[in-house]
Structures are given as C-alpha cells and as structure tokens.
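Listing of input05.txt; format and content: compact mmCIF, C-alpha atoms.
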# COMPACT_ATOMS: atom_id res chain seq x y z
CA MET A 78 16.65 -3.01 -21.46
CA THR A 79 14.65 -6.17 -20.95
CA VAL A 80 14.21 -8.21 -17.79
CA ASN A 81 16.39 -10.88 -19.39
CA GLU A 82 19.42 -8.58 -19.02
CA LEU A 83 19.16 -8.84 -15.24
CA LYS A 84 20.45 -12.40 -15.51
CA LYS A 85 23.86 -10.77 -16.06
CA ILE A 86 23.96 -9.59 -12.45
CA PRO A 87 25.83 -12.38 -10.64
CA GLU A 88 24.31 -11.55 -7.25
CA PHE A 89 20.76 -12.10 -8.55
CA THR A 90 19.20 -15.56 -8.54
CA LEU A 91 16.28 -16.16 -10.86
CA LEU A 92 13.42 -17.86 -8.99
CA ASN A 93 10.82 -17.67 -11.71
CA GLU A 94 10.76 -16.64 -15.36
CA GLY A 95 7.79 -14.57 -16.45
CA ASP A 96 7.91 -12.40 -19.54
CA MET A 97 11.68 -11.95 -19.88
CA ASN A 98 11.24 -9.60 -22.85
CA LYS A 99 9.43 -6.98 -20.79
CA GLU A 100 11.13 -3.57 -20.89
CA ILE A 101 12.44 -2.20 -17.60
CA THR A 102 11.69 1.51 -17.16
CA ARG A 103 13.54 2.01 -13.86
CA PRO A 104 14.29 0.45 -10.50
CA PHE A 105 11.73 1.16 -7.78
CA CYS A 106 12.18 0.57 -4.04
CA CYS A 107 9.29 0.25 -1.60
CA ASP A 108 8.13 -2.15 1.11
CA LEU A 109 4.75 -0.68 1.95
CA LEU A 110 2.33 -2.28 -0.45
CA SER A 111 -0.21 0.55 -0.47
CA VAL A 112 2.53 3.01 -1.36
CA ALA A 113 3.92 0.66 -4.01
CA MET A 114 0.41 0.23 -5.36
CA SER A 115 0.04 3.94 -6.03
CA LYS A 116 3.65 4.79 -6.90
CA ALA A 117 5.25 1.85 -8.73
CA PRO A 118 5.85 2.97 -12.31
CA SER A 119 4.77 0.69 -15.10
CA GLY A 120 7.74 -1.47 -16.13
CA ALA A 121 9.48 -1.07 -12.77
CA ALA A 122 12.13 -3.46 -11.55
CA TRP A 123 10.66 -3.49 -8.05
CA VAL A 124 13.17 -4.10 -5.29
CA THR A 125 11.52 -5.07 -2.01
CA ILE A 126 11.73 -7.31 1.04
CA MET A 127 8.02 -8.20 0.91
CA GLY A 128 8.19 -11.83 -0.20
CA ASN A 129 4.47 -12.53 0.03
CA THR A 130 1.67 -13.17 -2.43
CA ASN A 131 0.27 -9.68 -1.94
CA ALA A 132 3.46 -8.25 -3.41
CA LEU A 133 2.79 -10.43 -6.47
CA ALA A 134 -0.71 -8.97 -6.74
CA VAL A 135 0.64 -5.42 -6.48
CA SER A 136 3.32 -6.18 -9.08
CA SER A 137 0.81 -7.56 -11.52
CA LEU A 138 -1.77 -4.78 -11.00
CA THR A 139 0.83 -2.05 -11.50
CA ASP A 140 2.51 -3.81 -14.46
CA CYS A 141 5.94 -4.11 -12.89
CA ALA A 142 8.53 -5.74 -15.15
CA CYS A 143 9.81 -7.96 -12.33
CA ILE A 144 10.27 -8.27 -8.58
CA ILE A 145 13.70 -8.45 -6.96
CA LEU A 146 13.56 -9.72 -3.40
CA ALA A 147 16.50 -8.15 -1.61
CA GLU A 148 18.25 -8.61 1.75
CA GLY A 149 17.99 -12.40 1.48
CA THR A 150 14.39 -12.00 2.59
CA SER A 151 12.41 -15.10 3.47
CA LEU A 152 9.65 -16.12 1.09
CA ASP A 153 6.17 -17.25 1.99
CA PRO A 154 5.82 -20.88 0.87
CA ASN A 155 3.35 -20.23 -1.94
CA VAL A 156 5.16 -17.32 -3.52
CA VAL A 157 7.21 -19.08 -6.19
CA HIS A 158 4.29 -21.26 -7.21
CA LYS A 159 1.98 -18.23 -7.45
CA ALA A 160 4.60 -16.34 -9.45
CA GLN A 161 4.67 -19.28 -11.90
CA VAL A 162 0.90 -19.23 -12.24
CA GLN A 163 0.78 -15.45 -12.69
CA GLU A 164 3.91 -15.44 -14.90
CA ILE A 165 5.73 -12.89 -12.77
CA THR A 166 9.51 -12.76 -13.01
CA LEU A 167 11.06 -13.11 -9.58
CA PHE A 168 14.70 -12.68 -8.58
CA GLU A 169 16.24 -12.96 -5.14
CA THR A 170 19.46 -11.52 -3.83
CA GLU A 171 21.39 -11.22 -0.59
CA LEU A 172 22.21 -7.61 -1.50
CA PRO A 173 20.62 -4.79 0.48
CA ILE A 174 17.83 -2.89 -1.26
CA PHE A 175 20.00 0.08 -2.23
CA GLU A 176 22.82 -2.00 -3.71
CA ALA A 177 20.37 -4.24 -5.57
CA SER A 178 18.65 -1.19 -7.12
CA LEU A 179 22.01 0.33 -7.96
CA LYS A 180 22.98 -2.80 -9.90
CA VAL A 181 19.79 -2.48 -11.95
CA TYR A 182 20.33 1.25 -12.42
CA GLU A 183 23.95 0.81 -13.57
CA LEU A 184 22.93 -1.85 -16.06
CA LEU A 185 20.14 0.43 -17.33
CA GLN A 186 22.63 3.28 -17.80
CA GLY A 187 24.81 0.92 -19.81
CA MET B 235 -31.46 -3.47 -23.98
CA SER B 236 -28.26 -2.72 -22.21
CA ASP B 237 -24.66 -2.81 -23.27
CA SER B 238 -23.29 -2.90 -19.76
CA LEU B 239 -21.37 -5.79 -18.28
CA LYS B 240 -22.16 -6.80 -14.71
CA LEU B 241 -19.74 -8.81 -12.59
CA GLN B 242 -19.87 -9.96 -8.98
CA TYR B 243 -17.03 -11.05 -6.70
CA ILE B 244 -17.29 -12.58 -3.26
CA ILE B 245 -14.37 -11.45 -1.10
CA SER B 246 -13.61 -14.04 1.52
CA ASP B 247 -12.83 -13.44 5.14
CA GLU B 248 -9.18 -12.89 6.18
CA ASP B 249 -7.86 -14.49 3.01
CA PHE B 250 -4.94 -12.26 2.22
CA THR B 251 -3.44 -14.66 -0.26
CA ARG B 252 -6.45 -14.34 -2.55
CA ALA B 253 -6.84 -10.57 -2.21
CA GLY B 254 -6.22 -9.04 -5.60
CA GLU B 255 -7.91 -11.79 -7.59
CA ALA B 256 -11.07 -9.77 -8.15
CA SER B 257 -9.20 -6.62 -9.19
CA GLY B 258 -6.87 -8.75 -11.33
CA ASP B 259 -9.87 -10.22 -13.11
CA VAL B 260 -11.40 -6.80 -13.74
CA LYS B 261 -8.03 -5.57 -14.97
CA SER B 262 -7.74 -8.34 -17.54
CA LYS B 263 -11.33 -7.82 -18.72
CA LEU B 264 -10.72 -4.09 -19.23
CA LYS B 265 -7.50 -4.90 -21.07
CA MET B 266 -9.39 -7.21 -23.43
CA MET B 267 -11.94 -4.43 -24.00
CA GLY B 268 -9.12 -2.15 -25.09
CA VAL B 269 -9.56 0.40 -22.29
CA ASN B 270 -6.78 3.00 -21.94
CA PRO B 271 -3.93 1.57 -19.77
CA ASP B 272 -3.89 4.66 -17.50
CA VAL B 273 -7.57 4.14 -16.76
CA ILE B 274 -7.00 0.43 -16.12
CA ARG B 275 -4.27 1.32 -13.64
CA LYS B 276 -6.61 3.69 -11.78
CA VAL B 277 -9.32 1.03 -11.59
CA SER B 278 -6.83 -1.64 -10.47
CA ILE B 279 -5.43 0.48 -7.65
CA ALA B 280 -8.81 1.70 -6.42
CA MET B 281 -10.38 -1.74 -6.48
CA TYR B 282 -7.41 -3.58 -4.95
CA GLU B 283 -7.28 -1.14 -2.04
CA GLY B 284 -10.99 -1.67 -1.54
CA GLU B 285 -10.58 -5.42 -1.67
CA ILE B 286 -7.78 -5.31 0.91
CA ASN B 287 -9.86 -3.06 3.17
CA MET B 288 -12.71 -5.56 3.09
CA VAL B 289 -10.37 -8.38 4.10
CA ILE B 290 -8.57 -6.37 6.80
CA HIS B 291 -11.50 -4.63 8.42
CA ALA B 292 -14.78 -6.24 7.48
CA ASN B 293 -14.46 -10.05 7.22
CA GLY B 294 -14.87 -9.82 3.47
CA GLY B 295 -17.96 -8.86 1.50
CA VAL B 296 -19.28 -8.55 -2.02
CA ILE B 297 -18.06 -6.39 -4.91
CA ASP B 298 -20.42 -5.59 -7.77
CA VAL B 299 -18.83 -4.19 -10.89
CA ILE B 300 -20.75 -2.54 -13.71
CA ILE B 301 -18.85 -1.74 -16.89
CA THR B 302 -20.48 0.47 -19.53
CA PRO B 303 -18.91 1.88 -22.70
CA LYS B 304 -18.30 5.14 -20.80
CA ASP B 305 -17.25 4.14 -17.30
CA ILE B 306 -16.87 1.50 -14.60
CA THR B 307 -18.66 1.49 -11.26
CA MET B 308 -17.46 -0.65 -8.36
CA ILE B 309 -19.79 -1.18 -5.40
CA LEU B 310 -18.01 -2.71 -2.41
CA LYS B 311 -20.40 -3.86 0.27
CA ASP B 312 -19.47 -5.37 3.60
CA LYS B 313 -21.12 -6.26 6.88
CA GLY B 314 -18.15 -5.14 8.93
CA PRO B 315 -18.00 -2.87 11.97
CA GLY B 316 -18.55 0.35 10.00
CA ILE B 317 -16.24 3.38 10.00
CA LYS B 318 -16.44 5.46 13.17
CA ASP B 319 -15.02 8.67 11.72
CA VAL B 320 -14.98 8.81 7.92
CA ASP B 321 -13.06 12.12 7.77
CA LEU B 322 -10.33 10.66 9.96
CA ALA B 323 -10.24 7.42 7.93
CA MET B 324 -9.81 9.51 4.78
CA GLN B 325 -6.65 11.14 6.14
CA ALA B 326 -3.47 9.71 4.64
CA GLY B 327 -1.51 7.89 7.32
CA TYR B 328 -4.42 7.19 9.66
CA SER B 329 -4.92 3.46 10.18
CA THR B 330 -6.62 1.09 12.59
CA ALA B 331 -4.95 -1.99 11.04
CA SER B 332 -3.44 -4.59 13.39
CA GLU B 333 0.28 -5.36 13.74
CA ASN B 334 -0.39 -8.57 11.89
CA VAL B 335 -1.69 -6.68 8.89
CA ARG B 336 1.16 -4.18 9.02
CA ALA B 337 3.67 -7.02 8.89
CA LEU B 338 2.20 -7.96 5.50
CA GLY B 339 2.99 -4.50 4.15
CA PHE B 340 -0.44 -2.94 4.57
CA GLY B 341 -1.89 -0.62 7.19
CA ALA B 342 -0.03 2.49 6.04
CA GLY B 343 -3.26 4.46 6.16
CA MET B 344 -3.26 4.84 2.38
CA GLY B 345 -6.23 2.64 1.46
CA LEU B 346 -9.15 5.07 1.40
CA PRO B 347 -7.00 8.04 0.26
CA ASN B 348 -5.74 5.93 -2.67
CA MET B 349 -9.29 4.86 -3.51
CA LYS B 350 -10.40 8.50 -3.58
CA LYS B 351 -7.35 9.61 -5.54
CA TYR B 352 -7.73 7.01 -8.27
CA SER B 353 -11.49 7.12 -8.72
CA ASP B 354 -13.38 9.96 -10.37
CA GLU B 355 -16.27 9.70 -7.93
CA MET B 356 -16.38 8.00 -4.55
CA ASN B 357 -19.14 7.70 -2.02
CA ILE B 358 -19.04 6.04 1.40
CA GLU B 359 -22.13 4.92 3.27
CA THR B 360 -21.35 3.47 6.65
CA GLU B 361 -23.19 2.56 9.83
CA LEU B 362 -21.53 1.35 13.00
CA GLY B 363 -22.24 -2.32 13.64
CA VAL B 364 -24.03 -2.69 10.30
CA GLY B 365 -21.45 -2.28 7.57
CA THR B 366 -20.02 -0.10 4.87
CA THR B 367 -20.74 0.40 1.20
CA VAL B 368 -18.16 2.19 -0.91
CA THR B 369 -19.12 3.14 -4.44
CA MET B 370 -16.39 4.19 -6.85
CA LYS B 371 -16.69 5.30 -10.43
CA VAL B 372 -13.90 5.69 -12.95
CA ASN B 373 -14.60 7.31 -16.32
CA PHE B 374 -13.03 5.88 -19.46
Encoded form using structure tokens:
Amino acid sequence: MTVNELKKIPEFTLLNEGDMNKEITRPFCCDLLSVAMSKAPSGAAWVTIMGNTNALAVSSLTDCACIILAEGTSLDPNVVHKAQVQEITLFETELPIFEASLKVYELLQG
Amino acid sequence: MSDSLKLQYIISDEDFTRAGEASGDVKSKLKMMGVNPDVIRKVSIAMYEGEINMVIHANGGVIDVIITPKDITMILKDKGPGIKDVDLAMQAGYSTASENVRALGFGAGMGLPNMKKYSDEMNIETELGVGTTVTMKVNF
C-alpha cells in the first residue's frame, strides 16, 4: 500500500505531499526521537505528536514513508516548509495516536 | 594516492532545527555511492545521535568524516564540558539533558548507547572542562 492510499482516511489532513508512491510497511508509534531513531522501521507510517523539525530529520534518516501528527498536536512554525524542502509527506489528525495507527493498520490489512 | 573521501561539518551551537543536516548529507552521499541501505541506516543513526549530543551538551563542534571503499569513520570533536562518568553515560536511560531538551523529544538517555550499538567501533576521549572526541567506525 502506498502513502497515497492514506488520503482515503477522512480524519487525516494532508499538510505536505512528498513521495506519495512510497510503500508503507507498517504503522509505528513513538514520541521519543532517540527511540524512534533506532526503532522506526523503513517505510513506517510514523504516528507521533512531535511536530518539530527534528522529527522530520528522524523520519528522513530512518526512511519513514510518512509522518502522521496525531492528537491535533501543534506544529512548530517551520515544519511544513521544511517538510516541503525535504519532500516528506505529512498528515495531521485530531485522532489519538492509537486510533490513528489503527486506521493505517486497517487500511493495510485491506 | 588515496581513494578516500574526506568531509567536514561544523555543528552550530544550540541550533536544534539544523541538527540532522550533516548526517542527512552523509546519508545521501553514501546512497549515491551505492552503499548497502542497512549500513547507511547504521551510519545515519550513529551520526545523528552524535550530532544531537554535540548540540545538547557541548555548544556544537566539528565532525570529520572519512569514507573509504571499506568503511566510514566519523570523528566528532567538541569543546564542551566533557563527560564526568563515561560508564554511566553509556547506560541506556541515563541522561543529563535539560527539561527544554526533553520537551523536544530527546534526552531519553539513548544517545551514546545508540551510537555504540550502530557503530562497529567506538572510542570516547573526554576531559572535564576541555571537551570530548568520539570516534565511530562503521564497516561497509
């Protein structure tokens, strides 16, 4: 399943389009960046509340498929712009982390 | 005659928004060189953690990177306060990071343990009040 499929989830709002053809391997939940750095699987749909530029760096270094900012988390001002520059796909949602990941998981399971 | 590539990055003081640029650059260079993706991931993690440590604890510093056909060596040098107890700092979960830094998602006490885990060789030279040099090597 590609990142593009996530557009089907009505609760998700697309903030920036990166590579929408990237394959999603699985949802991944983590808010501690050092833990995410070592544990995020390649191709993860990373669900987090860390709406800062460091999360973008972690996402790009670990080859995440996209970031989903959950819990209606507030974004640092530069984040969307930086995501555009780095071509990172960014969604936001009011859903809690678990529910947001579950939506991705259900879609993945078909 | 040498077929090694030498790179240098200046890591600026307290600039969290730019942390990751040096490791991102190394990552893309290794990718262009066709290095195995698992190795690139190890290098990225180890170097990014080092970069973050330099910003959090040492007011920045300099990273020298040497890439040969066989391996990559990263030398991270700072003029920070030094590490009081290296064994303690190496323990997962131990951290001296400020609340401010924790709010950004760091300070979980995983930095040095991650650097050790993802590099094939790591050496720390540190002196209180003088600075720290961490050398990491990852084999291709």
Expected answer as a PyMOL selection string: chain B residues within 8 Å of chain A, all atoms listed in the file: chain B and resi 250-251+253-255+257-258+261+275+278-279+283+338-342+344-345+348
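Picture a line from CA of Lys116 (chain A) to CA of Asn270 (chain B); it runs 18.4 Å.
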Please determine the residues with any atom at most 10 Å from (10.5, -3.6, -14.7) (coordinates as given in the file, with all atoms listed in the file counting) and report them as a PDB file with C-alpha atoms, keeping the file's coordinate frame.
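Below you can see selection.pdb, which holds the result:
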ATOM      1  CA  MET A  78      16.650  -3.010 -21.460  1.00  0.00           C
ATOM      2  CA  THR A  79      14.650  -6.170 -20.950  1.00  0.00           C
ATOM      3  CA  VAL A  80      14.210  -8.210 -17.790  1.00  0.00           C
ATOM      4  CA  MET A  97      11.680 -11.950 -19.880  1.00  0.00           C
ATOM      5  CA  LYS A  99       9.430  -6.980 -20.790  1.00  0.00           C
ATOM      6  CA  GLU A 100      11.130  -3.570 -20.890  1.00  0.00           C
ATOM      7  CA  ILE A 101      12.440  -2.200 -17.600  1.00  0.00           C
ATOM      8  CA  THR A 102      11.690   1.510 -17.160  1.00  0.00           C
ATOM      9  CA  ARG A 103      13.540   2.010 -13.860  1.00  0.00           C
ATOM     10  CA  PRO A 104      14.290   0.450 -10.500  1.00  0.00           C
ATOM     11  CA  PHE A 105      11.730   1.160  -7.780  1.00  0.00           C
ATOM     12  CA  ALA A 117       5.250   1.850  -8.730  1.00  0.00           C
ATOM     13  CA  PRO A 118       5.850   2.970 -12.310  1.00  0.00           C
ATOM     14  CA  SER A 119       4.770   0.690 -15.100  1.00  0.00           C
ATOM     15  CA  GLY A 120       7.740  -1.470 -16.130  1.00  0.00           C
ATOM     16  CA  ALA A 121       9.480  -1.070 -12.770  1.00  0.00           C
ATOM     17  CA  ALA A 122      12.130  -3.460 -11.550  1.00  0.00           C
ATOM     18  CA  TRP A 123      10.660  -3.490  -8.050  1.00  0.00           C
ATOM     19  CA  VAL A 124      13.170  -4.100  -5.290  1.00  0.00           C
ATOM     20  CA  SER A 136       3.320  -6.180  -9.080  1.00  0.00           C
ATOM     21  CA  ASP A 140       2.510  -3.810 -14.460  1.00  0.00           C
ATOM     22  CA  CYS A 141       5.940  -4.110 -12.890  1.00  0.00           C
ATOM     23  CA  ALA A 142       8.530  -5.740 -15.150  1.00  0.00           C
ATOM     24  CA  CYS A 143       9.810  -7.960 -12.330  1.00  0.00           C
ATOM     25  CA  ILE A 144      10.270  -8.270  -8.580  1.00  0.00           C
ATOM     26  CA  ILE A 145      13.700  -8.450  -6.960  1.00  0.00           C
ATOM     27  CA  THR A 166       9.510 -12.760 -13.010  1.00  0.00           C
ATOM     28  CA  VAL A 181      19.790  -2.480 -11.950  1.00  0.00           C
TER      29      VAL A 181
END
Interatomic distance (Å, one decimal) between CA of Pro87 (chain A) and CA of Thr170 (chain A):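 Here the two named atoms are 9.4 Å from each other.
Computed from the coordinates, the CA of Gln186 (chain A) to CA of Glu164 (chain A) distance equals 26.6 Å.
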Who sits within 9 Å of region 352-365 of chain B, all atoms listed in the file, same chain under 2 positions skipped, as a list in words: Ser115 of chain A; Val273, Arg275, Lys276, Val277, Ser278, Ile279, Ala280, Ala292, Lys311, Asp312, Lys313, Gly314, Pro315, Gly316, Ile317, Lys318, Val320, Pro347, Asn348, Met349, Lys350, Thr367, Val368, Thr369, Met370, Lys371, Val372 and Asn373 of chain B
Residue with smallest distance to Gly284 (chain B) - pool B:Asp321, B:Glu333, B:Asp298, B:Asp305, counting all atoms listed in the file: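 Ranked by minimum distance to Gly284 (chain B), first place goes to B:Asp298.
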Which residue of B:Ser238, B:Ser332, B:Thr302, B:Ser262 approaches Ile290 (chain B) most closely, using all atoms listed in the file: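 When distances to Ile290 (chain B) are compared using all atoms listed in the file, the smallest one comes from B:Ser332.
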Contact residues around Phe89 (chain A) with all atoms listed in the file at 9 Å, ignoring same-chain residues under 4 positions, as a ChimeraX atom specification: /A:83-85,145,168-172,177
Spatial neighbours of Pro173 (chain A), max dist 7 Å, all atoms listed in the file, sep filter under 3 positions, as a PDB file with C-alpha atoms, in the coordinates of the input:
ATOM      1  CA  ALA A 147      16.500  -8.150  -1.610  1.00  0.00           C
ATOM      2  CA  GLU A 148      18.250  -8.610   1.750  1.00  0.00           C
ATOM      3  CA  GLU A 176      22.820  -2.000  -3.710  1.00  0.00           C
ATOM      4  CA  ALA A 177      20.370  -4.240  -5.570  1.00  0.00           C
TER       5      ALA A 177
END
What's the 7 Å shell around Val299 (chain B), counting all atoms listed in the file, without same-chain residues fewer than 3 positions away, as a short mmCIF file (atom, residue, chain, number, x, y, z; two decimals) with C-alpha atoms, in the coordinates of the input?
data_model
loop_
_atom_site.label_atom_id
_atom_site.label_comp_id
_atom_site.auth_asym_id
_atom_site.auth_seq_id
_atom_site.Cartn_x
_atom_site.Cartn_y
_atom_site.Cartn_z
CA LYS B 240 -22.16 -6.80 -14.71
CA LEU B 241 -19.74 -8.81 -12.59
CA GLN B 242 -19.87 -9.96 -8.98
CA THR B 307 -18.66 1.49 -11.26
CA MET B 308 -17.46 -0.65 -8.36
CA ILE B 309 -19.79 -1.18 -5.40
#
Would you mind completing region 298-332 of chain B to N, CA and C atoms and writing the output as a compact mmCIF listing (two decimals), in the coordinates of the input?
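Output (result.txt):
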# COMPACT_ATOMS: atom_id res chain seq x y z
N ASP B 298 -19.70 -5.60 -6.50
CA ASP B 298 -20.42 -5.59 -7.77
C ASP B 298 -19.73 -4.61 -8.69
N VAL B 299 -19.50 -5.05 -9.91
CA VAL B 299 -18.83 -4.19 -10.89
C VAL B 299 -19.74 -4.04 -12.11
N ILE B 300 -19.93 -2.81 -12.51
CA ILE B 300 -20.75 -2.54 -13.71
C ILE B 300 -19.87 -1.77 -14.71
N ILE B 301 -19.67 -2.38 -15.85
CA ILE B 301 -18.85 -1.74 -16.89
C ILE B 301 -19.75 -1.31 -18.04
N THR B 302 -19.73 -0.04 -18.37
CA THR B 302 -20.48 0.47 -19.53
C THR B 302 -19.45 0.97 -20.55
N PRO B 303 -19.89 1.36 -21.73
CA PRO B 303 -18.91 1.88 -22.70
C PRO B 303 -18.22 3.16 -22.21
N LYS B 304 -18.84 3.84 -21.25
CA LYS B 304 -18.30 5.14 -20.80
C LYS B 304 -17.51 5.08 -19.50
N ASP B 305 -17.88 4.13 -18.63
CA ASP B 305 -17.25 4.14 -17.30
C ASP B 305 -17.37 2.79 -16.60
N ILE B 306 -16.76 2.70 -15.42
CA ILE B 306 -16.87 1.50 -14.60
C ILE B 306 -17.27 1.93 -13.19
N THR B 307 -18.23 1.22 -12.63
CA THR B 307 -18.66 1.49 -11.26
C THR B 307 -18.38 0.25 -10.42
N MET B 308 -17.75 0.46 -9.27
CA MET B 308 -17.46 -0.65 -8.36
C MET B 308 -18.20 -0.39 -7.05
N ILE B 309 -19.03 -1.34 -6.65
CA ILE B 309 -19.79 -1.18 -5.40
C ILE B 309 -19.29 -2.24 -4.43
N LEU B 310 -18.62 -1.79 -3.38
CA LEU B 310 -18.01 -2.71 -2.41
C LEU B 310 -18.83 -2.68 -1.14
N LYS B 311 -19.47 -3.82 -0.86
CA LYS B 311 -20.40 -3.86 0.27
C LYS B 311 -19.94 -4.87 1.31
N ASP B 312 -19.86 -4.42 2.55
CA ASP B 312 -19.47 -5.37 3.60
C ASP B 312 -20.40 -5.25 4.80
N LYS B 313 -20.33 -6.28 5.65
CA LYS B 313 -21.12 -6.26 6.88
C LYS B 313 -20.18 -6.14 8.07
N GLY B 314 -19.15 -5.33 7.89
CA GLY B 314 -18.15 -5.14 8.93
C GLY B 314 -18.61 -4.18 10.01
N PRO B 315 -17.66 -3.70 10.80
CA PRO B 315 -18.00 -2.87 11.97
C PRO B 315 -18.43 -1.44 11.62
N GLY B 316 -18.25 -1.05 10.36
CA GLY B 316 -18.55 0.35 10.00
C GLY B 316 -17.35 1.24 10.33
N ILE B 317 -17.36 2.44 9.77
CA ILE B 317 -16.24 3.38 10.00
C ILE B 317 -16.71 4.46 10.97
N LYS B 318 -16.01 4.55 12.10
CA LYS B 318 -16.44 5.46 13.17
C LYS B 318 -16.37 6.92 12.70
N ASP B 319 -15.23 7.28 12.12
CA ASP B 319 -15.02 8.67 11.72
C ASP B 319 -14.48 8.68 10.28
N VAL B 320 -15.36 8.91 9.34
CA VAL B 320 -14.98 8.81 7.92
C VAL B 320 -13.90 9.84 7.56
N ASP B 321 -14.05 11.07 8.09
CA ASP B 321 -13.06 12.12 7.77
C ASP B 321 -11.67 11.70 8.22
N LEU B 322 -11.61 11.11 9.42
CA LEU B 322 -10.33 10.66 9.96
C LEU B 322 -9.78 9.50 9.11
N ALA B 323 -10.65 8.58 8.74
CA ALA B 323 -10.24 7.42 7.93
C ALA B 323 -9.73 7.86 6.55
N MET B 324 -10.22 9.00 6.09
CA MET B 324 -9.81 9.51 4.78
C MET B 324 -8.45 10.20 4.83
N GLN B 325 -7.95 10.47 6.04
CA GLN B 325 -6.65 11.14 6.14
C GLN B 325 -5.52 10.16 5.85
N ALA B 326 -4.62 10.57 4.96
CA ALA B 326 -3.47 9.71 4.64
C ALA B 326 -2.66 9.47 5.90
N GLY B 327 -2.34 8.22 6.16
CA GLY B 327 -1.51 7.89 7.32
C GLY B 327 -2.30 7.41 8.52
N TYR B 328 -3.61 7.68 8.54
CA TYR B 328 -4.42 7.19 9.66
C TYR B 328 -4.82 5.75 9.39
N SER B 329 -4.58 4.87 10.38
CA SER B 329 -4.92 3.46 10.18
C SER B 329 -5.31 2.80 11.49
N THR B 330 -6.26 1.87 11.42
CA THR B 330 -6.62 1.09 12.59
C THR B 330 -6.20 -0.37 12.38
N ALA B 331 -5.36 -0.61 11.36
CA ALA B 331 -4.95 -1.99 11.04
C ALA B 331 -4.08 -2.59 12.15
N SER B 332 -4.19 -3.90 12.34
CA SER B 332 -3.44 -4.59 13.39
C SER B 332 -1.97 -4.76 12.99
